[in-house]
>>> print(open('start.txt').read())   # compact mmCIF, C-alpha atoms and all ligand atoms
# COMPACT_ATOMS: atom_id res chain seq x y z
CA MET A 936 -17.68 -1.77 -14.64
CA TYR A 937 -16.47 -3.17 -17.97
CA PRO A 938 -15.62 -5.98 -18.41
CA LEU A 939 -17.20 -7.08 -15.13
CA LYS A 940 -20.95 -7.16 -14.62
CA VAL A 941 -20.83 -5.93 -11.03
CA GLU A 942 -21.14 -2.44 -9.61
CA GLN A 943 -18.03 -2.48 -7.45
CA PRO A 944 -14.88 -2.41 -9.59
CA TYR A 945 -12.65 -4.52 -7.35
CA PRO A 946 -12.79 -6.86 -4.37
CA ARG A 947 -11.70 -5.25 -1.13
CA ASN A 948 -11.41 -8.44 0.89
CA GLN A 949 -8.13 -9.17 -0.80
CA TRP A 950 -4.38 -8.93 -0.27
CA TRP A 951 -2.81 -6.48 -2.72
CA VAL A 952 0.85 -5.53 -3.07
CA ALA A 953 1.37 -2.02 -1.70
CA ALA A 954 5.14 -1.87 -2.24
CA TYR A 955 8.32 -3.85 -2.50
CA GLY A 956 9.78 -4.52 0.94
CA ASN A 957 12.79 -2.36 0.13
CA GLU A 958 10.58 0.65 -0.65
CA VAL A 959 9.26 0.74 2.91
CA GLY A 960 11.58 2.11 5.60
CA ARG A 961 11.91 4.69 8.32
CA SER A 962 10.34 7.44 6.28
CA LEU A 963 6.69 7.95 5.38
CA LEU A 964 5.53 6.60 2.02
CA MET A 965 2.02 7.10 0.64
CA ARG A 966 0.53 4.64 -1.83
CA GLU A 967 -2.96 5.02 -3.26
CA MET A 968 -4.78 1.70 -3.39
CA LEU A 969 -8.40 1.09 -4.38
CA GLY A 970 -9.09 4.80 -4.09
CA GLU A 971 -7.64 5.04 -0.56
CA ARG A 972 -4.48 6.76 0.57
CA VAL A 973 -2.36 4.32 2.54
CA LEU A 974 0.62 5.36 4.66
CA LEU A 975 3.52 2.89 4.84
CA TYR A 976 6.55 2.80 7.12
CA ARG A 977 8.53 0.50 9.41
CA THR A 978 8.61 0.49 13.18
CA GLU A 979 11.96 0.71 14.91
CA ALA A 980 11.76 -3.09 15.23
CA GLY A 981 11.47 -3.34 11.42
CA ASP A 982 7.79 -4.31 11.07
CA ALA A 983 5.91 -2.84 8.11
CA VAL A 984 2.88 -0.74 9.08
CA ALA A 985 -0.04 0.45 6.91
CA LEU A 986 -2.35 3.20 8.18
CA GLY A 987 -4.83 5.62 6.67
CA ALA A 988 -2.75 8.47 5.24
CA VAL A 989 -5.15 11.39 5.78
CA CYS A 990 -5.19 13.19 9.12
CA PRO A 991 -8.72 13.05 10.61
CA HIS A 992 -8.25 16.54 12.06
CA ARG A 993 -8.15 18.64 8.84
CA ALA A 994 -7.24 16.16 6.10
CA PHE A 995 -3.54 16.97 6.00
CA PRO A 996 -1.57 14.31 4.05
CA LEU A 997 0.30 12.41 6.75
CA GLU A 998 3.19 11.47 4.46
CA LEU A 999 4.19 15.13 4.89
CA GLY A 1000 4.41 14.61 8.66
CA ARG A 1001 7.19 12.78 10.49
CA LEU A 1002 7.94 9.64 12.41
CA VAL A 1003 8.50 9.97 16.15
CA GLY A 1004 9.66 6.55 17.28
CA ASP A 1005 6.95 4.22 15.99
CA SER A 1006 4.33 6.99 15.87
CA VAL A 1007 3.30 9.38 13.10
CA GLN A 1008 3.10 13.07 13.90
CA CYS A 1009 0.92 15.14 11.59
CA GLY A 1010 2.85 17.97 9.97
CA TYR A 1011 0.03 20.51 10.39
CA HIS A 1012 -1.07 20.70 14.07
CA GLY A 1013 0.91 17.80 15.51
CA PHE A 1014 -1.77 15.21 16.27
CA THR A 1015 0.19 12.00 16.86
CA PHE A 1016 -0.91 8.46 16.02
CA GLY A 1017 0.57 5.13 17.12
CA ALA A 1018 1.45 2.24 14.83
CA ASP A 1019 -1.95 0.72 15.70
CA GLY A 1020 -3.63 3.90 14.40
CA THR A 1021 -4.82 5.20 17.80
CA CYS A 1022 -4.50 8.91 18.45
CA GLN A 1023 -1.99 9.32 21.25
CA ARG A 1024 -1.63 13.05 21.52
CA VAL A 1025 -3.26 16.35 20.60
CA PRO A 1026 -0.69 19.02 21.47
CA SER A 1027 -3.25 21.74 22.19
CA GLN A 1028 -5.16 19.79 24.88
CA SER A 1029 -4.70 17.04 27.43
CA GLY A 1030 -7.08 14.35 26.08
CA VAL A 1031 -7.76 13.05 22.58
CA PRO A 1032 -11.09 13.36 20.74
CA GLN A 1033 -13.20 10.24 20.31
CA LYS A 1034 -13.07 8.47 16.96
CA SER A 1035 -9.76 10.10 16.15
CA ALA A 1036 -7.93 6.89 15.20
CA LEU A 1037 -6.45 6.25 11.76
CA ARG A 1038 -7.57 3.18 9.90
CA ARG A 1039 -5.12 0.33 10.41
CA TYR A 1040 -4.68 -2.07 7.50
CA PRO A 1041 -3.53 -5.67 8.12
CA VAL A 1042 -0.09 -6.25 6.59
CA ILE A 1043 1.87 -9.36 5.61
CA GLU A 1044 5.41 -9.05 4.35
CA THR A 1045 6.54 -12.06 2.36
CA GLY A 1046 8.36 -12.82 -0.87
CA GLY A 1047 9.99 -9.37 -0.76
CA LEU A 1048 6.55 -7.78 -1.00
CA VAL A 1049 4.40 -5.77 1.41
CA TRP A 1050 0.83 -7.04 1.09
CA VAL A 1051 -2.02 -4.94 2.45
CA TRP A 1052 -5.56 -6.19 3.14
CA THR A 1053 -8.03 -3.54 1.97
CA GLY A 1054 -11.22 -5.06 3.37
CA ASN A 1055 -12.51 -5.34 6.93
CA ALA A 1056 -9.57 -6.00 9.19
CA GLU A 1057 -11.54 -8.75 10.99
CA ALA A 1058 -11.97 -10.62 7.70
CA ALA A 1059 -8.24 -10.60 6.85
CA ASP A 1060 -7.43 -14.15 5.85
CA GLN A 1061 -3.80 -15.18 5.41
CA ARG A 1062 -4.94 -18.28 3.48
CA MET A 1063 -6.05 -15.99 0.63
CA LEU A 1064 -2.40 -15.22 -0.09
CA PRO A 1065 -1.19 -17.44 -2.97
CA ASP A 1066 1.64 -19.91 -2.32
CA LEU A 1067 4.54 -17.63 -3.27
CA GLY A 1068 7.17 -20.29 -2.62
CA ALA A 1069 5.66 -22.46 -5.38
CA ILE A 1070 6.44 -19.76 -7.95
CA GLY A 1071 9.89 -18.90 -6.63
CA LEU A 1072 9.37 -15.88 -4.37
CA GLY A 1073 11.09 -15.92 -1.00
CA CYS A 1074 13.05 -19.10 -1.85
CA ALA A 1075 16.84 -19.28 -1.49
CA ASP A 1076 17.19 -21.61 -4.49
CA TRP A 1077 15.57 -19.23 -7.00
CA ALA A 1078 16.99 -16.01 -8.44
CA VAL A 1079 14.48 -13.16 -8.38
CA GLU A 1080 14.55 -9.76 -10.06
CA GLN A 1081 12.18 -7.01 -8.95
CA HIS A 1082 11.41 -4.77 -11.93
CA ALA A 1083 10.62 -1.08 -11.36
CA PRO A 1084 6.91 -0.58 -10.63
CA VAL A 1085 4.84 1.47 -13.07
CA THR A 1086 1.40 3.09 -12.98
CA ILE A 1087 -0.83 2.45 -15.99
CA ALA A 1088 -3.77 4.65 -16.98
CA ALA A 1089 -6.19 1.74 -17.33
CA ARG A 1090 -8.54 -0.35 -15.20
CA TYR A 1091 -6.76 -3.31 -13.60
CA THR A 1092 -8.99 -5.83 -15.37
CA LEU A 1093 -7.47 -4.84 -18.73
CA LEU A 1094 -4.08 -5.85 -17.37
CA ILE A 1095 -5.46 -9.17 -16.09
CA GLU A 1096 -7.00 -9.90 -19.51
CA ASN A 1097 -3.79 -8.92 -21.29
CA LEU A 1098 -1.85 -11.47 -19.25
CA LEU A 1099 -4.38 -14.27 -19.65
CA ASP A 1100 -4.37 -14.17 -23.45
CA LEU A 1101 -0.75 -14.53 -24.45
CA SER A 1102 -1.68 -14.87 -28.12
CA HIS A 1103 -1.04 -11.10 -28.09
CA VAL A 1104 2.68 -11.91 -27.82
CA THR A 1105 2.77 -12.77 -31.52
CA PHE A 1106 1.45 -9.33 -32.46
CA ILE A 1107 2.35 -6.79 -29.80
CA HIS A 1108 5.75 -8.27 -28.95
CA ALA A 1109 6.66 -9.58 -32.42
CA THR A 1110 10.09 -7.98 -32.32
CA THR A 1111 10.82 -7.94 -28.58
CA ILE A 1112 10.20 -11.55 -27.45
CA PRO A 1113 12.40 -14.13 -29.23
CA GLY A 1114 10.22 -16.96 -30.50
CA GLY A 1115 7.06 -14.94 -29.84
CA GLU A 1116 5.84 -15.36 -33.40
CA GLN A 1117 4.81 -18.98 -32.64
CA VAL A 1118 2.77 -18.33 -29.50
CA ALA A 1119 -0.60 -17.50 -31.07
CA SER A 1120 -0.72 -20.74 -33.03
CA ILE A 1121 -0.04 -23.04 -30.04
CA PRO A 1122 -3.31 -24.59 -28.83
CA VAL A 1123 -4.47 -23.81 -25.29
CA LYS A 1124 -6.38 -25.71 -22.64
CA VAL A 1125 -7.73 -24.35 -19.39
CA GLU A 1126 -7.15 -26.05 -16.04
CA GLU A 1127 -9.25 -24.93 -13.12
CA SER A 1128 -8.81 -25.53 -9.41
CA GLU A 1129 -9.83 -23.72 -6.26
CA ALA A 1130 -6.42 -22.04 -6.11
CA ALA A 1131 -5.94 -21.13 -9.77
CA ILE A 1132 -7.24 -20.85 -13.31
CA THR A 1133 -4.43 -21.76 -15.71
CA VAL A 1134 -4.35 -21.25 -19.45
CA VAL A 1135 -1.89 -23.97 -20.45
CA ARG A 1136 -0.02 -23.43 -23.69
CA ARG A 1137 2.74 -25.91 -24.38
CA GLY A 1138 5.08 -25.21 -27.26
CA GLU A 1139 6.70 -28.41 -28.58
CA ASN A 1140 9.92 -28.89 -30.52
CA LEU A 1141 10.61 -25.19 -30.74
CA PRO A 1142 14.04 -24.22 -32.07
CA ALA A 1143 16.38 -22.95 -29.37
CA ASN A 1144 16.11 -19.21 -30.00
CA SER A 1145 18.48 -16.50 -28.80
CA LEU A 1146 16.72 -16.21 -25.43
CA ILE A 1147 16.89 -19.97 -24.75
CA ARG A 1148 20.54 -20.06 -25.78
CA SER A 1149 21.42 -17.20 -23.45
CA GLN A 1150 19.69 -19.02 -20.59
CA PHE A 1151 21.05 -22.49 -21.46
CA PRO A 1152 24.28 -22.01 -23.45
CA ASP A 1153 24.71 -25.76 -24.02
CA GLN A 1154 21.25 -26.16 -25.56
CA GLU A 1155 21.49 -26.69 -29.30
CA GLY A 1156 18.51 -28.89 -30.07
CA PRO A 1157 14.81 -28.03 -29.91
CA VAL A 1158 12.94 -27.41 -26.65
CA HIS A 1159 9.51 -27.90 -25.16
CA GLN A 1160 8.42 -24.68 -23.54
CA HIS A 1161 5.39 -23.67 -21.50
CA PHE A 1162 3.75 -20.32 -22.19
CA ASP A 1163 1.23 -20.66 -19.36
CA ALA A 1164 -0.85 -17.89 -17.85
CA GLN A 1165 -1.96 -18.72 -14.32
CA TYR A 1166 -4.44 -16.58 -12.40
CA LEU A 1167 -3.77 -17.03 -8.71
CA SER A 1168 -5.71 -14.00 -7.47
CA PRO A 1169 -6.74 -10.63 -8.90
CA ALA A 1170 -3.43 -9.40 -7.45
CA LEU A 1171 -1.17 -12.09 -8.92
CA ILE A 1172 -0.76 -13.79 -12.28
CA ARG A 1173 2.18 -16.03 -13.21
CA THR A 1174 3.19 -16.47 -16.83
CA ARG A 1175 5.71 -18.65 -18.70
CA GLY A 1176 6.84 -21.79 -16.90
CA ALA A 1177 9.03 -24.82 -17.46
CA MET A 1178 11.39 -25.65 -20.32
CA SER A 1179 12.84 -29.05 -21.26
CA ASP A 1180 15.05 -30.59 -23.92
CA ALA A 1181 12.73 -31.90 -26.65
CA LEU A 1182 14.93 -34.87 -27.58
CA THR A 1183 15.58 -36.32 -24.12
CA GLY A 1184 12.82 -34.75 -22.02
CA ARG A 1185 15.50 -33.51 -19.61
CA THR A 1186 14.32 -30.55 -17.53
CA LEU A 1187 16.19 -27.36 -18.31
CA GLY A 1188 14.54 -25.08 -15.80
CA THR A 1189 11.63 -22.80 -15.05
CA GLN A 1190 11.40 -19.09 -15.79
CA ASN A 1191 8.43 -17.42 -14.14
CA TYR A 1192 7.11 -13.93 -14.75
CA ILE A 1193 5.19 -12.85 -11.68
CA HIS A 1194 2.76 -10.03 -12.33
CA LEU A 1195 1.55 -8.15 -9.27
CA ILE A 1196 -1.47 -6.01 -9.93
CA THR A 1197 -2.82 -3.32 -7.59
CA PRO A 1198 -5.76 -1.10 -8.52
CA VAL A 1199 -5.00 2.51 -7.66
CA SER A 1200 -8.46 3.77 -8.61
CA PRO A 1201 -11.20 2.46 -10.93
CA THR A 1202 -9.16 3.52 -13.97
CA LEU A 1203 -5.54 3.35 -12.78
CA VAL A 1204 -3.44 0.34 -11.88
CA ARG A 1205 0.00 -0.09 -10.33
CA TYR A 1206 2.03 -2.92 -11.82
CA PHE A 1207 4.99 -4.69 -10.25
CA VAL A 1208 6.77 -7.43 -12.22
CA ASN A 1209 9.12 -9.99 -10.67
CA THR A 1210 11.06 -12.53 -12.71
CA ALA A 1211 12.14 -15.75 -10.98
CA ARG A 1212 14.22 -18.65 -12.28
CA ASP A 1213 15.44 -21.90 -10.73
CA PHE A 1214 18.48 -22.32 -13.04
CA ALA A 1215 21.76 -20.40 -13.35
CA THR A 1216 20.82 -18.60 -10.16
CA ASP A 1217 24.42 -17.42 -9.72
CA ASN A 1218 24.50 -15.65 -13.10
CA PRO A 1219 23.61 -11.96 -12.55
CA ALA A 1220 23.89 -11.30 -16.31
CA LEU A 1221 20.67 -13.28 -16.81
CA GLY A 1222 18.92 -11.10 -14.23
CA ALA A 1223 20.16 -7.94 -15.96
CA MET A 1224 18.92 -9.35 -19.27
CA GLN A 1225 15.43 -9.92 -17.81
CA ILE A 1226 15.29 -6.34 -16.53
CA ALA A 1227 16.40 -4.98 -19.92
CA MET A 1228 13.89 -7.18 -21.79
CA GLY A 1229 11.12 -6.06 -19.45
CA ALA A 1230 11.94 -2.42 -20.18
CA ARG A 1231 11.45 -3.09 -23.89
CA ILE A 1232 8.37 -5.34 -23.62
CA GLN A 1233 6.30 -3.64 -20.94
CA PRO A 1234 5.66 -0.35 -22.80
CA GLU A 1235 4.08 -2.38 -25.62
CA ASP A 1236 1.48 -3.88 -23.23
CA ILE A 1237 0.94 -0.54 -21.51
CA ALA A 1238 0.30 1.24 -24.83
CA ALA A 1239 -2.27 -1.42 -25.80
CA ILE A 1240 -4.30 -1.37 -22.61
CA GLU A 1241 -4.15 2.42 -22.26
CA ALA A 1242 -5.50 2.63 -25.82
CA ILE A 1243 -8.42 0.37 -24.84
CA GLU A 1244 -9.05 2.44 -21.70
CA THR A 1245 -9.23 5.57 -23.86
CA VAL A 1246 -11.90 3.91 -26.03
CA LEU A 1247 -13.87 2.82 -22.96
CA GLN A 1248 -13.79 6.31 -21.47
CA SER A 1249 -14.67 8.02 -24.74
CA GLY A 1250 -18.30 7.07 -24.34
CA ALA A 1251 -18.34 5.63 -27.86
CA THR A 1252 -20.84 2.84 -28.53
CA LEU A 1253 -18.99 -0.43 -28.22
CA PRO A 1254 -19.66 -3.32 -30.59
CA THR A 1255 -21.16 -6.47 -29.10
CA GLU A 1256 -18.21 -8.28 -27.63
CA ILE A 1257 -17.12 -11.47 -29.36
CA SER A 1258 -14.77 -14.05 -27.89
CA ALA A 1259 -12.63 -16.77 -29.42
CA ARG A 1260 -11.74 -20.20 -28.03
CA VAL A 1261 -8.51 -18.68 -26.73
CA ASP A 1262 -10.56 -16.47 -24.40
CA ASN A 1263 -11.97 -19.36 -22.35
CA GLY A 1264 -9.51 -18.81 -19.53
CA ALA A 1265 -10.03 -15.06 -19.41
CA LEU A 1266 -13.81 -15.54 -19.37
CA LYS A 1267 -13.55 -17.99 -16.46
CA VAL A 1268 -11.43 -15.44 -14.62
CA ARG A 1269 -14.07 -12.75 -15.21
CA ARG A 1270 -16.69 -15.04 -13.70
CA ARG A 1271 -14.48 -15.89 -10.71
CA LEU A 1272 -13.69 -12.24 -10.06
CA GLU A 1273 -17.35 -11.24 -10.36
CA ALA A 1274 -18.28 -14.01 -7.93
CA GLN A 1275 -15.66 -12.79 -5.46
CA ILE A 1276 -17.03 -9.23 -5.61
CA ARG A 1277 -20.66 -10.40 -5.38
CA LYS A 1278 -19.86 -12.52 -2.33
CA GLU A 1279 -18.38 -9.47 -0.70
CA LEU A 1280 -21.40 -7.31 -1.54
CA CYS A 1281 -23.96 -9.91 -0.41
CA PRO A 1282 -22.35 -12.33 2.05
CA SER A 1283 -24.73 -15.22 2.69
S1 LIG A 1301 -4.55 18.36 10.10
FE1 LIG A 1301 -3.39 16.95 11.20
S2 LIG A 1301 -3.20 17.78 13.13
FE2 LIG A 1301 -4.43 19.20 12.07
FE FE A 1302 2.44 -8.66 -23.19
>>> encode(input="start.txt", output="structure tokens", more="lines below")
Ligand code: FES
Ligand SMILES: [Fe+2]
Amino acid sequence: MYPLKVEQPYPRNQWWVAAYGNEVGRSLLMREMLGERVLLYRTEAGDAVALGAVCPHRAFPLELGRLVGDSVQCGYHGFTFGADGTCQRVPSQSGVPQKSALRRYPVIETGGLVWVWTGNAEAADQRMLPDLGAIGLGCADWAVEQHAPVTIAARYTLLIENLLDLSHVTFIHATTIPGGEQVASIPVKVEESEAAITVVRRGENLPANSLIRSQFPDQEGPVHQHFDAQYLSPALIRTRGAMSDALTGRTLGTQNYIHLITPVSPTLVRYFVNTARDFATDNPALGAMQIAMGARIQPEDIAAIEAIETVLQSGATLPTEISARVDNGALKVRRRLEAQIRKELCPS
């Protein structure tokens, strides 16, 4: 499925963000992920649980049922399922039918996020979760803002490609990102490791614009600033990075934008953005500023990728795709993602 040359649109053996931790509580929440309906709630002990959200009796949506202790009772005929998915009770008879369990999804809650593994439960591999502490999530010495999640009418790969080519900042965000007009002309290089593919873009001797001055009020001289885009998994891309004083080399701080990407279906994606900084962590005005900026910037990206999705779904003949040097990172990510899906389809 464009732009990938594999049949399956997304890898299933993967941790994806289902919800922010504070969205999951003692009521039933349904989230659609990779074309599946997933039911989320917390046990009385506070552990997040993810189960199949469709009753195997007559397909009633279980989010319309209720919690009884740690169990879910279907709202239609009262079949009751434990937090491990097993059917515990059928009110109209003494035993329970065979094969009546709900699917149980492995869950990890970390960095303020509820991650759900959508592949075989036996293959769930905690090591496939990126190092969230390295980018500021779940760390006491970083300030983190969780921006409101949105659903975008586009395939998730369009969002990944949007984030990996930040030269779009100069055009799409010309009026909403201070200093954005320089980004496209800054040369890029791609760094590749097992854990990440990083498009490194280092702006040098940039004038301290209004955004820098609000973050570092004492900064008058020019700055060096990273505009990196780092692919850590199909579910997580980090952009931005470190800033330093251009005259002395003194570190000013790091501002990360953490993009959490969850396919809802082949042509819908749920998008959670977190911002994290390791400076002025006790200044809530900076957090409020990031949320307000996000509300102005994000619709510009959404409009662009939804417009591309409309073209792709129109059935129109597409021109032969051309790529520029700036696309090296995005092309490497395509190959890595295709390889991940192929490995899942044909494990050897
Ligand atoms: S549909 Fe759930 S118990 Fe009948
Ligand atoms: Fe953007």
>>> atom_distance(input="start.txt", atom1="atom CA of Leu1093 of chain A", atom2="atom CA of Glu942 of chain A")
16.6 Å
>>> closest_atom_pairs(input="start.txt", of="chain A", to="ligand FE 1302 (chain A)", cutoff="9 Å", atoms="all atoms listed in the file", output="Markdown table")
| residue | atom | partner | partner_atom | distance |
| --- | --- | --- | --- | --- |
| A:Asn1097 | CA | A:FE1302 | FE | 6.5 |
| A:Leu1098 | CA | A:FE1302 | FE | 6.5 |
| A:Asp1100 | CA | A:FE1302 | FE | 8.8 |
| A:Leu1101 | CA | A:FE1302 | FE | 6.8 |
| A:Ser1102 | CA | A:FE1302 | FE | 8.9 |
| A:His1103 | CA | A:FE1302 | FE | 6.5 |
| A:Val1104 | CA | A:FE1302 | FE | 5.7 |
| A:Ile1107 | CA | A:FE1302 | FE | 6.9 |
| A:His1108 | CA | A:FE1302 | FE | 6.7 |
| A:Ile1232 | CA | A:FE1302 | FE | 6.8 |
| A:Gln1233 | CA | A:FE1302 | FE | 6.7 |
| A:Pro1234 | CA | A:FE1302 | FE | 8.9 |
| A:Glu1235 | CA | A:FE1302 | FE | 6.9 |
| A:Asp1236 | CA | A:FE1302 | FE | 4.9 |
| A:Ile1237 | CA | A:FE1302 | FE | 8.4 |
>>> atom_distance(input="start.txt", atom1="atom CA of Gly1073 of chain A", atom2="atom CA of Glu971 of chain A")
28.1 Å
>>> closest_atom_pairs(input="start.txt", of="chain A", to="ligand LIG 1301 (chain A)", cutoff="9 Å", atoms="only C-alpha atoms and all ligand atoms", output="CSV")
residue,atom,partner,partner_atom,distance
A:Val989,CA,A:LIG1301,FE1,8.0
A:Cys990,CA,A:LIG1301,FE1,4.7
A:Pro991,CA,A:LIG1301,FE1,6.6
A:His992,CA,A:LIG1301,S1,4.6
A:Arg993,CA,A:LIG1301,S1,3.8
A:Ala994,CA,A:LIG1301,S1,5.3
A:Phe995,CA,A:LIG1301,S1,4.4
A:Pro996,CA,A:LIG1301,FE1,7.8
A:Leu997,CA,A:LIG1301,FE1,7.4
A:Gly1000,CA,A:LIG1301,FE1,8.5
A:Gln1008,CA,A:LIG1301,S2,7.9
A:Cys1009,CA,A:LIG1301,FE1,4.7
A:Gly1010,CA,A:LIG1301,FE1,6.4
A:Tyr1011,CA,A:LIG1301,FE2,4.9
A:His1012,CA,A:LIG1301,S2,3.7
A:Gly1013,CA,A:LIG1301,S2,4.7
A:Phe1014,CA,A:LIG1301,S2,4.3
A:Thr1015,CA,A:LIG1301,S2,7.7
A:Val1025,CA,A:LIG1301,S2,7.6
A:Pro1026,CA,A:LIG1301,S2,8.8
>>> residues_around(input="start.txt", residues="segment 1110-1114 of chain A", least_positions_apart="2", cutoff="8 Å", atoms="all atoms listed in the file", output="MDAnalysis selection string")
chainID A and resid 1104 1108 1116:1118 1144:1146 1228 1231:1232
>>> closest_atom_pairs(input="start.txt", of="segment 1196-1229 of chain A", to="segment 1044-1053 of chain A", cutoff="12 Å", atoms="all atoms listed in the file", output="Markdown table")
| residue | atom | partner | partner_atom | distance |
| --- | --- | --- | --- | --- |
| A:Ile1196 | CA | A:Trp1050 | CA | 11.3 |
| A:Thr1197 | CA | A:Trp1050 | CA | 10.1 |
| A:Pro1198 | CA | A:Thr1053 | CA | 11.0 |
| A:Val1199 | CA | A:Thr1053 | CA | 11.8 |
| A:Phe1207 | CA | A:Leu1048 | CA | 9.9 |
| A:Val1208 | CA | A:Leu1048 | CA | 11.2 |
| A:Asn1209 | CA | A:Gly1047 | CA | 10.0 |
| A:Ala1211 | CA | A:Gly1046 | CA | 11.2 |
>>> write_last_selection(input="start.txt", atoms="C-alpha atoms", output="compact mmCIF listing (two decimals), keeping the file's coordinate frame")
# COMPACT_ATOMS: atom_id res chain seq x y z
CA ILE A 1196 -1.47 -6.01 -9.93
CA THR A 1197 -2.82 -3.32 -7.59
CA PRO A 1198 -5.76 -1.10 -8.52
CA VAL A 1199 -5.00 2.51 -7.66
CA PHE A 1207 4.99 -4.69 -10.25
CA VAL A 1208 6.77 -7.43 -12.22
CA ASN A 1209 9.12 -9.99 -10.67
CA ALA A 1211 12.14 -15.75 -10.98
>>> decode(input="start.txt", residues="segment 1191-1205 of chain A", atoms="N, CA and C atoms", output="PDB file, in the first residue's frame")
ATOM      1  N   ASN A1191      12.228  18.691  22.726  1.00  0.00           N
ATOM      2  CA  ASN A1191      11.829  17.578  21.861  1.00  0.00           C
ATOM      3  C   ASN A1191      10.342  17.650  21.547  1.00  0.00           C
ATOM      4  N   TYR A1192      10.020  17.275  20.323  1.00  0.00           N
ATOM      5  CA  TYR A1192       8.625  17.052  19.922  1.00  0.00           C
ATOM      6  C   TYR A1192       8.509  15.553  19.690  1.00  0.00           C
ATOM      7  N   ILE A1193       7.653  14.918  20.442  1.00  0.00           N
ATOM      8  CA  ILE A1193       7.543  13.457  20.404  1.00  0.00           C
ATOM      9  C   ILE A1193       6.218  13.116  19.732  1.00  0.00           C
ATOM     10  N   HIS A1194       6.324  12.505  18.569  1.00  0.00           N
ATOM     11  CA  HIS A1194       5.152  12.238  17.741  1.00  0.00           C
ATOM     12  C   HIS A1194       4.797  10.767  17.864  1.00  0.00           C
ATOM     13  N   LEU A1195       3.619  10.484  18.371  1.00  0.00           N
ATOM     14  CA  LEU A1195       3.186   9.111  18.606  1.00  0.00           C
ATOM     15  C   LEU A1195       2.087   8.806  17.600  1.00  0.00           C
ATOM     16  N   ILE A1196       2.321   7.759  16.828  1.00  0.00           N
ATOM     17  CA  ILE A1196       1.548   7.513  15.614  1.00  0.00           C
ATOM     18  C   ILE A1196       0.889   6.142  15.739  1.00  0.00           C
ATOM     19  N   THR A1197      -0.432   6.097  15.634  1.00  0.00           N
ATOM     20  CA  THR A1197      -1.130   4.811  15.763  1.00  0.00           C
ATOM     21  C   THR A1197      -2.106   4.643  14.605  1.00  0.00           C
ATOM     22  N   PRO A1198      -1.851   3.681  13.698  1.00  0.00           N
ATOM     23  CA  PRO A1198      -2.837   3.460  12.638  1.00  0.00           C
ATOM     24  C   PRO A1198      -4.166   3.032  13.248  1.00  0.00           C
ATOM     25  N   VAL A1199      -5.239   3.643  12.769  1.00  0.00           N
ATOM     26  CA  VAL A1199      -6.584   3.240  13.192  1.00  0.00           C
ATOM     27  C   VAL A1199      -7.110   2.207  12.207  1.00  0.00           C
ATOM     28  N   SER A1200      -6.868   2.475  10.928  1.00  0.00           N
ATOM     29  CA  SER A1200      -7.264   1.584   9.831  1.00  0.00           C
ATOM     30  C   SER A1200      -6.266   1.877   8.710  1.00  0.00           C
ATOM     31  N   PRO A1201      -6.376   1.197   7.564  1.00  0.00           N
ATOM     32  CA  PRO A1201      -5.393   1.492   6.504  1.00  0.00           C
ATOM     33  C   PRO A1201      -5.364   2.958   6.070  1.00  0.00           C
ATOM     34  N   THR A1202      -6.438   3.689   6.264  1.00  0.00           N
ATOM     35  CA  THR A1202      -6.444   5.084   5.790  1.00  0.00           C
ATOM     36  C   THR A1202      -6.843   6.090   6.879  1.00  0.00           C
ATOM     37  N   LEU A1203      -6.626   5.719   8.128  1.00  0.00           N
ATOM     38  CA  LEU A1203      -6.878   6.644   9.246  1.00  0.00           C
ATOM     39  C   LEU A1203      -5.741   6.476  10.248  1.00  0.00           C
ATOM     40  N   VAL A1204      -5.351   7.570  10.872  1.00  0.00           N
ATOM     41  CA  VAL A1204      -4.272   7.474  11.863  1.00  0.00           C
ATOM     42  C   VAL A1204      -4.621   8.353  13.067  1.00  0.00           C
ATOM     43  N   ARG A1205      -4.280   7.848  14.254  1.00  0.00           N
ATOM     44  CA  ARG A1205      -4.454   8.646  15.469  1.00  0.00           C
ATOM     45  C   ARG A1205      -3.087   9.200  15.851  1.00  0.00           C
TER      46      ARG A1205
END
